[in-house]
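Text of query-v4.txt (compact mmCIF, C-alpha atoms) as supplied:
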# COMPACT_ATOMS: atom_id res chain seq x y z
CA MET D 270 -22.19 15.00 -15.84
CA SER D 271 -24.34 13.92 -12.91
CA LEU D 272 -24.48 10.48 -11.39
CA PRO D 273 -27.24 8.21 -12.83
CA PRO D 274 -29.92 7.16 -10.30
CA LEU D 275 -29.76 3.79 -8.56
CA THR D 276 -32.51 2.48 -10.86
CA HIS D 277 -30.45 3.17 -13.98
CA GLY D 278 -29.36 0.00 -15.76
CA CYS D 279 -25.76 1.14 -15.99
CA TRP D 280 -25.08 0.09 -12.40
CA LYS D 281 -26.16 -3.51 -12.96
CA ARG D 282 -24.16 -3.62 -16.16
CA LEU D 283 -21.14 -2.22 -14.37
CA VAL D 284 -21.13 -4.95 -11.71
CA SER D 285 -22.04 -7.71 -14.19
CA GLY D 286 -19.03 -7.61 -16.45
CA GLY D 287 -18.94 -3.93 -17.40
CA ALA D 288 -16.27 -3.13 -14.84
CA ALA D 289 -13.71 -4.90 -17.02
CA ARG D 290 -14.33 -2.31 -19.77
CA LEU D 291 -14.18 0.76 -17.53
CA LYS D 292 -11.09 2.86 -18.18
CA THR D 293 -9.76 4.51 -15.05
CA ASP D 294 -6.49 5.49 -13.41
CA GLN D 295 -8.06 5.71 -9.95
CA LEU D 296 -6.51 2.93 -7.86
CA ALA D 297 -9.50 2.62 -5.53
CA LEU D 298 -11.91 2.21 -8.44
CA GLN D 299 -9.60 -0.30 -10.12
CA LEU D 300 -9.57 -2.35 -6.92
CA LEU D 301 -13.34 -2.04 -6.65
CA CYS D 302 -13.80 -3.24 -10.24
CA SER D 303 -11.48 -6.18 -9.55
CA ARG D 304 -13.49 -7.03 -6.46
CA MET D 305 -16.76 -6.86 -8.41
CA GLU D 306 -15.38 -9.28 -11.00
CA ARG D 307 -14.53 -11.79 -8.27
CA SER D 308 -17.51 -11.20 -6.00
CA ASP D 309 -20.30 -13.71 -5.48
CA ALA D 310 -22.36 -11.21 -3.48
CA PRO D 311 -25.98 -10.60 -4.56
CA LEU D 312 -26.37 -8.18 -7.46
CA ASP D 313 -28.19 -5.54 -5.41
CA LYS D 314 -25.43 -5.53 -2.80
CA ARG D 315 -22.76 -5.06 -5.46
CA VAL D 316 -24.74 -2.27 -7.08
CA GLY D 317 -25.13 -0.54 -3.73
CA GLU D 318 -21.41 -0.80 -3.00
CA VAL D 319 -20.39 0.58 -6.38
CA MET D 320 -22.90 3.40 -6.35
CA ALA D 321 -21.87 4.40 -2.82
CA PHE D 322 -18.28 4.64 -4.01
CA PHE D 323 -19.20 6.76 -7.04
CA THR D 324 -21.33 9.01 -4.84
CA ARG D 325 -18.52 9.61 -2.37
CA PHE D 326 -15.87 10.28 -4.99
CA GLU D 327 -18.11 11.81 -7.68
CA ARG D 328 -16.00 14.98 -7.77
CA ILE D 329 -12.94 13.16 -9.11
CA LEU D 330 -14.70 10.54 -11.23
CA GLY D 331 -15.96 12.69 -14.10
CA ARG D 332 -14.17 10.66 -16.75
CA GLU D 333 -15.49 7.40 -15.32
CA ILE D 334 -19.08 8.66 -14.90
CA ALA D 335 -19.03 9.69 -18.55
CA GLN D 336 -18.37 6.05 -19.47
CA LEU D 337 -21.22 4.53 -17.47
CA ASN D 338 -23.73 4.61 -20.32
CA THR D 339 -21.29 3.03 -22.74
CA LEU D 340 -20.32 -0.07 -20.75
CA MET M 101 6.04 18.96 6.64
CA ASN M 102 7.17 15.63 5.26
CA ASP M 103 10.90 15.42 5.69
CA LEU M 104 13.96 13.65 7.01
CA MET M 105 15.28 15.50 10.05
CA THR M 106 17.47 15.35 13.14
CA LEU M 107 16.13 13.99 16.41
CA ASP M 108 16.31 17.51 17.89
CA ALA M 109 14.17 18.94 15.11
CA ALA M 110 11.65 16.10 15.47
CA ALA M 111 11.57 16.58 19.24
CA ARG M 112 10.85 20.29 18.82
CA LEU M 113 7.90 19.50 16.54
CA ILE M 114 6.50 16.99 19.03
CA GLU M 115 6.99 19.34 21.97
CA HIS M 116 5.23 22.03 19.96
CA GLY M 117 2.23 19.71 19.86
CA THR M 118 2.32 18.88 16.15
CA PRO M 119 0.71 15.47 15.60
CA CYS M 120 2.95 13.35 13.40
CA CYS M 121 3.96 9.96 12.06
CA VAL M 122 7.64 9.15 12.54
CA ALA M 123 9.83 6.59 10.82
CA GLY M 124 13.21 5.81 12.33
CA ASP M 125 15.52 3.33 13.94
CA LEU M 126 14.04 2.00 17.18
CA GLU M 127 16.73 3.63 19.33
CA ALA M 128 16.04 6.95 17.61
CA LEU M 129 12.31 6.60 18.26
CA ARG M 130 13.03 5.85 21.93
CA GLN M 131 14.87 9.17 22.25
CA LEU M 132 11.89 11.26 21.11
CA PRO M 133 9.69 12.88 23.76
CA ARG M 134 6.24 11.53 24.49
CA GLY M 135 3.48 13.27 22.64
CA ALA M 136 0.95 13.10 19.85
CA TRP M 137 2.79 10.82 17.49
CA ILE M 138 3.03 7.27 16.24
CA GLY M 139 6.02 5.63 14.64
CA GLY M 140 7.58 2.56 13.17
CA SER M 141 11.10 1.16 13.05
CA ILE M 142 13.08 1.56 9.84
CA PRO M 143 16.51 3.10 9.16
CA TYR M 144 16.00 3.50 5.39
CA PHE M 145 14.60 6.61 3.77
CA MET M 146 14.18 8.45 0.51
CA GLY M 147 15.13 12.05 1.22
CA SER M 148 15.18 15.03 -1.10
CA GLN M 149 18.80 14.27 -1.99
CA GLY M 150 18.27 10.54 -2.52
CA GLY M 151 18.34 7.27 -0.62
CA VAL M 152 19.60 7.43 2.97
CA VAL M 153 20.48 4.85 5.61
CA ALA M 154 20.55 6.61 8.98
CA ARG M 155 20.05 5.75 12.64
CA ASP M 156 20.39 9.32 13.87
CA ARG M 157 17.65 10.90 11.81
CA VAL M 158 13.94 10.28 11.48
CA PHE M 159 11.39 10.88 8.76
CA VAL M 160 8.51 12.98 10.03
CA THR M 161 5.10 13.38 8.44
CA ALA M 162 3.31 16.22 10.20
CA LEU M 163 -0.46 15.90 10.41
CA PRO M 164 -3.25 18.44 10.93
CA PRO M 165 -3.61 19.73 14.51
CA THR M 166 -5.93 18.17 17.06
CA PRO M 167 -8.87 17.50 16.95
CA ALA M 168 -8.59 16.75 13.22
CA THR M 169 -5.95 14.09 14.03
CA ARG M 170 -6.37 11.28 16.55
CA PHE M 171 -4.24 8.22 17.33
CA GLU M 172 -5.04 4.62 18.24
CA THR M 173 -3.09 1.50 19.09
CA LEU M 174 -4.85 -1.70 18.04
CA SER M 175 -4.10 -5.35 18.75
CA ALA M 176 -3.76 -7.93 15.99
CA GLU M 177 -7.26 -9.14 16.91
CA GLN M 178 -8.60 -5.63 16.29
CA VAL M 179 -7.23 -5.33 12.75
CA GLY M 180 -10.74 -5.03 11.32
CA GLN M 181 -11.12 -1.72 13.14
CA VAL M 182 -8.44 -0.12 10.98
CA VAL M 183 -11.01 0.32 8.24
CA ALA M 184 -14.25 0.04 10.22
CA ASP M 185 -13.31 2.94 12.50
CA GLY M 186 -11.78 5.05 9.72
CA PRO M 187 -13.05 8.64 9.43
CA GLU M 188 -16.21 9.04 7.39
CA HIS M 189 -14.51 11.95 5.69
CA GLY M 190 -10.76 11.71 5.90
CA TYR M 191 -8.08 9.06 5.91
CA SER M 192 -6.08 6.72 8.15
CA ILE M 193 -2.33 6.20 8.27
CA VAL M 194 -1.43 2.80 9.69
CA ILE M 195 1.92 1.27 10.64
CA VAL M 196 2.25 -2.46 11.32
CA PRO M 197 5.34 -4.47 12.36
CA GLY M 198 6.81 -6.64 9.61
CA GLY M 199 6.29 -10.37 10.15
CA SER M 200 3.72 -9.87 12.90
CA GLN M 201 0.28 -11.41 13.26
CA ALA M 202 -1.21 -7.99 12.63
CA HIS M 203 0.74 -7.78 9.37
CA ALA M 204 -0.68 -11.08 8.12
CA ARG M 205 -4.21 -10.33 9.29
CA PHE M 206 -4.25 -6.87 7.78
CA ALA M 207 -3.08 -8.28 4.44
CA GLN M 208 -6.06 -10.65 4.36
CA ASP M 209 -8.75 -8.45 5.93
CA ALA M 210 -8.12 -5.12 4.23
CA SER M 211 -8.58 -6.62 0.80
CA THR M 212 -12.00 -7.97 1.63
CA SER M 213 -13.53 -5.16 3.66
CA ALA M 214 -16.40 -3.50 1.81
CA GLU M 215 -15.44 -0.12 3.27
CA ALA M 216 -11.72 -0.34 2.56
CA LEU M 217 -11.96 1.60 -0.68
CA SER M 218 -14.24 4.37 0.57
CA LYS M 219 -12.27 4.99 3.78
CA PRO M 220 -8.72 5.41 2.45
CA THR M 221 -6.02 3.70 4.48
CA VAL M 222 -2.40 4.36 3.65
CA GLY M 223 0.69 3.31 5.56
CA TRP M 224 3.59 0.97 5.80
CA VAL M 225 5.16 -2.12 7.33
CA SER M 226 8.00 -1.44 9.76
CA GLY M 227 11.31 -3.24 9.54
CA VAL M 228 14.89 -3.38 10.75
CA HIS M 229 18.35 -2.80 9.35
CA LEU M 230 19.03 -5.60 6.87
CA ASP M 231 22.17 -6.56 8.81
CA GLU M 232 19.96 -7.28 11.81
CA LEU M 233 17.24 -9.40 10.22
CA ALA M 234 18.19 -12.36 12.41
CA THR M 235 18.55 -10.44 15.66
CA ALA M 236 16.11 -7.52 15.70
CA ARG M 237 12.35 -7.34 15.40
CA PRO M 238 10.33 -4.66 13.65
CA VAL M 239 8.24 -2.55 16.00
CA VAL M 240 5.60 0.11 15.97
CA PHE M 241 5.69 2.89 18.52
CA ASP M 242 2.99 4.80 20.36
CA GLY M 243 4.49 8.17 21.18
CA ARG M 244 1.73 8.93 23.67
CA THR M 245 2.87 6.13 25.98
CA GLY M 246 6.47 5.69 24.82
CA LYS M 247 5.81 1.99 24.26
CA ALA M 248 7.11 -0.11 21.39
CA HIS M 249 5.05 -3.06 20.17
CA THR M 250 6.21 -6.05 18.12
CA ASP M 251 2.61 -6.86 17.20
CA GLY M 252 -0.52 -4.80 16.69
CA LEU M 253 -0.94 -1.60 14.76
CA VAL M 254 -0.66 2.12 15.39
CA VAL M 255 -3.09 4.31 13.50
CA ALA M 256 -3.51 8.02 12.84
CA ARG M 257 -7.06 9.11 11.99
CA VAL M 258 -7.26 12.37 10.10
CA ASP M 259 -10.48 14.25 9.36
CA LEU M 260 -10.65 16.37 6.24
CA PRO M 261 -12.83 19.37 5.43
CA GLU M 262 -15.98 18.42 3.51
CA ASP M 263 -14.61 19.82 0.28
CA ARG M 264 -11.44 17.71 0.30
CA LEU M 265 -10.87 14.07 -0.63
CA ALA M 266 -8.02 11.67 0.16
CA VAL M 267 -6.79 9.67 -2.82
CA ILE M 268 -4.12 6.98 -2.74
CA GLU M 269 -1.87 6.66 -5.77
CA ILE M 270 0.85 4.20 -6.67
CA VAL M 271 3.85 4.02 -8.96
CA ASN M 272 4.74 0.47 -9.87
CA ILE M 273 7.83 0.25 -12.05
CA PHE M 274 7.16 -3.43 -12.72
CA GLU M 275 4.91 -4.60 -15.50
CA ALA M 276 3.63 -8.04 -16.46
CA ASP M 277 5.95 -9.89 -18.81
CA GLY M 278 3.01 -10.85 -21.01
CA GLY M 279 3.92 -14.54 -20.90
CA ASP M 280 2.43 -17.29 -18.79
CA VAL M 281 -0.81 -16.52 -16.97
CA LEU M 282 -0.54 -17.62 -13.33
CA ARG M 283 -3.58 -18.30 -11.18
CA PHE M 284 -3.91 -19.48 -7.62
CA GLU M 285 -6.80 -21.60 -6.37
CA ARG M 286 -5.99 -20.68 -2.79
CA GLY M 287 -4.78 -17.29 -1.68
CA GLY M 288 -2.24 -16.48 0.97
CA PHE M 289 1.42 -15.82 1.72
CA GLU M 290 2.53 -19.46 1.44
CA ILE M 291 1.94 -21.09 -1.91
CA GLY M 292 2.48 -24.69 -3.01
CA GLU M 293 0.81 -24.98 -6.39
CA VAL M 294 0.04 -22.65 -9.24
CA LEU M 295 -1.99 -22.95 -12.42
CA VAL M 296 0.27 -21.96 -15.30
CA ASN M 297 -1.89 -21.27 -18.35
CA GLY M 298 -4.40 -23.61 -16.69
CA GLU M 299 -1.94 -26.42 -15.92
CA ARG M 300 -1.20 -27.25 -12.31
CA CYS M 301 2.42 -27.37 -11.20
CA SER M 302 4.74 -26.66 -8.30
CA PHE M 303 5.10 -22.90 -7.89
CA ALA M 304 8.63 -23.32 -6.50
CA GLU M 305 9.69 -25.43 -9.48
CA TYR M 306 8.09 -22.95 -11.87
CA LEU M 307 9.97 -19.98 -10.39
CA LEU M 308 13.25 -21.89 -10.45
CA ALA M 309 12.67 -22.85 -14.08
CA ARG M 310 12.00 -19.20 -14.89
CA GLY M 311 15.29 -18.19 -13.25
CA ASN M 312 13.57 -16.37 -10.41
CA GLY M 313 14.73 -18.55 -7.54
CA ASP M 314 16.26 -15.47 -5.93
CA GLY M 315 12.87 -13.73 -5.99
CA ARG M 316 14.24 -10.65 -7.68
CA LEU M 317 11.15 -10.30 -9.86
CA PRO M 318 7.73 -9.99 -8.22
CA LEU M 319 4.46 -11.41 -9.41
CA VAL M 320 2.30 -8.75 -11.03
CA GLY M 321 -1.45 -9.16 -10.58
CA ASN M 322 -4.10 -7.43 -12.67
CA PHE M 323 -6.58 -5.80 -10.30
CA GLY M 324 -9.10 -4.06 -12.54
CA GLY M 325 -6.30 -2.58 -14.61
CA ALA M 326 -4.04 -1.78 -11.67
CA SER M 327 -0.80 -3.75 -11.61
CA LEU M 328 -0.13 -4.86 -8.03
CA ASN M 329 2.90 -6.86 -6.96
CA ALA M 330 3.36 -9.80 -4.66
CA SER M 331 7.08 -10.08 -3.99
CA VAL M 332 8.83 -13.41 -3.58
CA LYS M 333 10.39 -13.90 -0.15
CA GLN M 334 11.73 -17.43 -0.40
CA VAL M 335 11.62 -20.31 -2.86
CA ASP M 336 11.95 -23.64 -1.05
CA SER M 337 12.11 -26.34 -3.70
CA ALA M 338 12.72 -29.12 -1.16
CA ALA M 339 9.53 -28.29 0.71
CA GLY M 340 7.71 -27.31 -2.48
CA ARG M 341 6.69 -23.97 -1.01
CA VAL M 342 7.05 -20.34 -2.00
CA ALA M 343 6.78 -17.63 0.64
CA LEU M 344 5.52 -14.22 -0.49
CA TYR M 345 5.66 -10.77 1.11
CA ALA M 346 2.01 -10.13 0.23
CA PRO M 347 -0.80 -12.61 -0.33
CA VAL M 348 -2.01 -13.65 -3.76
CA PHE M 349 -5.74 -13.90 -4.42
CA PRO M 350 -7.85 -16.47 -6.28
CA GLY M 351 -9.51 -15.14 -9.40
CA VAL M 352 -6.72 -12.72 -10.24
CA ASP M 353 -4.46 -13.14 -13.26
CA TYR M 354 -0.78 -12.89 -12.36
CA HIS M 355 2.36 -12.79 -14.46
CA LEU M 356 6.01 -12.74 -13.59
CA ALA M 357 7.36 -9.21 -13.89
CA ARG M 358 9.45 -8.09 -16.80
CA PRO M 359 13.02 -7.35 -15.58
CA VAL M 360 13.79 -3.70 -14.80
CA ALA M 361 17.19 -2.65 -16.08
CA ASP M 362 17.58 0.48 -13.97
CA HIS M 363 15.21 1.11 -11.06
CA VAL M 364 16.34 4.71 -10.54
CA GLU M 365 15.86 5.75 -14.16
CA THR M 366 12.56 3.92 -14.35
CA PHE M 367 11.22 5.73 -11.27
CA ARG M 368 12.43 9.04 -12.66
CA ARG M 369 10.64 8.36 -15.93
CA HIS M 370 7.41 7.28 -14.23
CA THR M 371 7.28 10.35 -12.00
CA ALA M 372 8.76 13.04 -14.28
CA ASP M 373 5.39 14.51 -15.26
CA ARG M 374 3.59 13.92 -11.97
CA SER M 375 2.69 16.82 -9.74
CA ASN M 376 3.40 16.45 -6.04
CA ASP M 377 0.75 19.06 -5.17
CA GLY M 378 -1.33 17.81 -2.30
CA VAL M 379 0.89 14.80 -1.53
CA VAL M 380 1.01 14.50 2.26
CA PHE M 381 2.57 11.06 2.69
CA SER M 382 4.63 8.65 0.64
CA CYS M 383 6.69 5.50 1.09
CA ASN M 384 8.71 3.17 -1.09
CA CYS M 385 9.87 -0.43 -0.76
CA ILE M 386 13.08 -1.81 0.71
CA LEU M 387 13.37 -4.26 -2.20
CA ASN M 388 13.37 -1.38 -4.67
CA PHE M 389 15.93 0.42 -2.47
CA VAL M 390 18.23 -2.60 -2.42
CA HIS M 391 17.82 -3.92 -5.96
CA GLY M 392 17.86 -0.39 -7.38
CA GLN M 393 20.83 0.71 -5.25
CA PHE M 394 19.02 3.87 -4.16
CA GLU M 395 21.45 4.91 -1.43
CA GLY M 396 22.87 8.30 -2.36
CA ARG M 397 20.85 8.45 -5.57
CA SER M 398 17.88 10.73 -6.18
CA LEU M 399 14.71 9.46 -7.81
CA GLY M 400 14.06 12.92 -9.25
CA ASN M 401 10.49 14.08 -8.79
CA THR M 402 9.53 11.03 -6.74
CA PRO M 403 7.98 11.97 -3.35
CA THR M 404 10.15 11.36 -0.26
CA GLY M 405 9.36 9.10 2.68
CA PRO M 406 10.33 5.99 4.60
CA VAL M 407 11.59 2.91 2.76
CA THR M 408 9.57 0.04 4.13
CA PHE M 409 9.07 -3.71 4.46
CA GLY M 410 5.69 -3.39 2.77
CA GLU M 411 3.48 -0.56 1.61
CA ILE M 412 -0.18 -0.02 2.35
CA GLY M 413 -2.48 1.62 -0.15
CA TYR M 414 -6.00 0.42 0.62
CA GLN M 415 -4.38 -3.03 0.97
CA LEU M 416 -0.90 -4.48 1.43
CA LEU M 417 1.37 -3.78 -1.53
CA ASN M 418 4.93 -4.77 -2.44
CA GLN M 419 7.75 -3.09 -4.36
CA THR M 420 5.58 -0.05 -4.94
CA LEU M 421 5.78 3.69 -4.35
CA VAL M 422 2.62 4.71 -2.49
CA SER M 423 1.43 8.29 -2.06
CA LEU M 424 -1.52 9.90 -0.34
CA ARG M 425 -2.79 13.00 -2.09
CA ILE M 426 -5.40 15.44 -0.81
CA VAL M 427 -7.48 16.86 -3.66
Please re-express this file's structure in structure tokens.
Amino acid sequence: MSLPPLTHGCWKRLVSGGAARLKTDQLALQLLCSRMERSDAPLDKRVGEVMAFFTRFERILGREIAQLNTL
Amino acid sequence: MNDLMTLDAAARLIEHGTPCCVAGDLEALRQLPRGAWIGGSIPYFMGSQGGVVARDRVFVTALPPTPATRFETLSAEQVGQVVADGPEHGYSIVIVPGGSQAHARFAQDASTSAEALSKPTVGWVSGVHLDELATARPVVFDGRTGKAHTDGLVVARVDLPEDRLAVIEIVNIFEADGGDVLRFERGGFEIGEVLVNGERCSFAEYLLARGNGDGRLPLVGNFGGASLNASVKQVDSAAGRVALYAPVFPGVDYHLARPVADHVETFRRHTADRSNDGVVFSCNCILNFVHGQFEGRSLGNTPTGPVTFGEIGYQLLNQTLVSLRIV
């Protein structure tokens, strides 16, 4: 499953509460989700940070990418 | 190569030009030849046969040959560079002296850096023999210069091929007790007050009332589903302060940990089905070693490595087994 584009609504949902519903065993992504929950950074900045992470680690995040449309 | 070995064997590796990270007693580190290595003081290890306390052996993690591996020594003021200057495609191994300014700064900075999670940083906090807590100071060691430092950080930067990724994993044998929810309005290592289920009270009094005045049980924070510990260093009821080995953070739900009956068996159970393929570095915590009575006892399939005064896996961790895996 390929990574949704930056314009896809899943990214905004992910950084606006959806991270709490993401199921993952990847420590880095868990820490990123925790940071998103606590962050007061602008939405676009959070989206950029999360998408950059998914892009870099796409190869090992298949299970998590499959959840993006369901969050 | 990730193994406990004699000083002669370690010296041969260094003289052969193998870049490496070395954990050992300070006097052992001083006896090693200068070369492409960094190190930190600690005489406690988990070897393949179990827990070891040794001043005449060192734990060596061999790294890829130059130019894939480079070393740096940073001051406490340069702690932000640990992550900022991390390889775009690779990982960093960092060692920081326990109780130093660099230790405290790293604990605060690494958890807030936007890049910290995309540039994996693994490592550990150096220490001393527990009999020498009052007389000796943890150090880090730059093998290129032969100099020991009581503050600052030593860092190995390792580039990976484009088709490989560095992933940090943890095994935390502690879990939240499911009782009171603890929150902190201010983060840090020194805590006065806590919100217990929303009600403000003295954190020291709370821990004493819960029977954890000896700090045996850590706090367990929920970080996006990951359970991360902050271990209790000292409960000072007179001063109304609690000192922690890692900072707590506002906005995170914490619980006291559920007691662990047998640390060794619990580690064995947690790691029984884990593969160690691709694991290139690992470390475990001195509090687990002591409370679990690891000396002479094997943790089964658990990766070997130094036993440390704090573990680093993206950020400072406590009472946790940390591993770096290349996938």
- Item | Proximal residues of chain M relative to chain D (all atoms listed in the file; 12 Å) as a ChimeraX atom specification | /M:188-190,210-222,262-272,321-328,349-353,413-415,422-427
- For CA of Asp209 (chain M) and CA of Ala248 (chain M), the interatomic separation in Å (one decimal): 23.7 Å
- Might you pull out every residue within 9 Å of region 272-276 of chain D, with all atoms listed in the file counted and same-chain residues fewer than 5 positions away left off, and present them as a ChimeraX atom specification? /D:281,316-317,320,323-324,327,334,337
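Picture a line from CA of Gly313 (chain M) to CA of Gln393 (chain M); it runs 20.3 Å.
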- Item | Separation of CA of Val258 (chain M) from CA of Val239 (chain M), in Å and rounded to one decimal | 22.3 Å
- Item | 8 Å contact set for Asp156 (chain M), all atoms listed in the file, chain neighbours under 2 positions out, as a count of residues only | 6
- Message: With 12 Å as the threshold, what does the neighbourhood of (16.7, 11.9, -0.2) contain in terms of residues, counting all atoms listed in the file? Coordinates are those of the file; answer as a PyMOL selection string.
- Response: chain M and resi 102-105+144-154+159+383-384+389+394-407
- Message: Using all atoms listed in the file, which protein or nucleic acid residues come within 7 Å of Val255 (chain M)? Drop anything in the same chain fewer than 5 positions from it, and give the result as a PyMOL selection string.
- Response: chain M and resi 171-173+192-195
- Task: For region 409-411 of chain M, list every protein, DNA or RNA residue within 7 Å, evaluated using only C-alpha atoms, and leave out those in the same chain fewer than 5 positions away; present the list as a list in words.
- Result: Gly198, Gly223, Trp224, Val225, Ser226, Gly227, Cys383, Asn384, Cys385, Ile386, Leu416, Leu417, Asn418, Thr420 and Val422 of chain M
- Message: Which residues are close to Gly124 (chain M), i.e. within 6 Å by only C-alpha atoms, leaving aside same-chain residues fewer than 3 positions away? Reply as a list in words.
- Response: Ser141, Ile142, Pro143 and Val158 of chain M
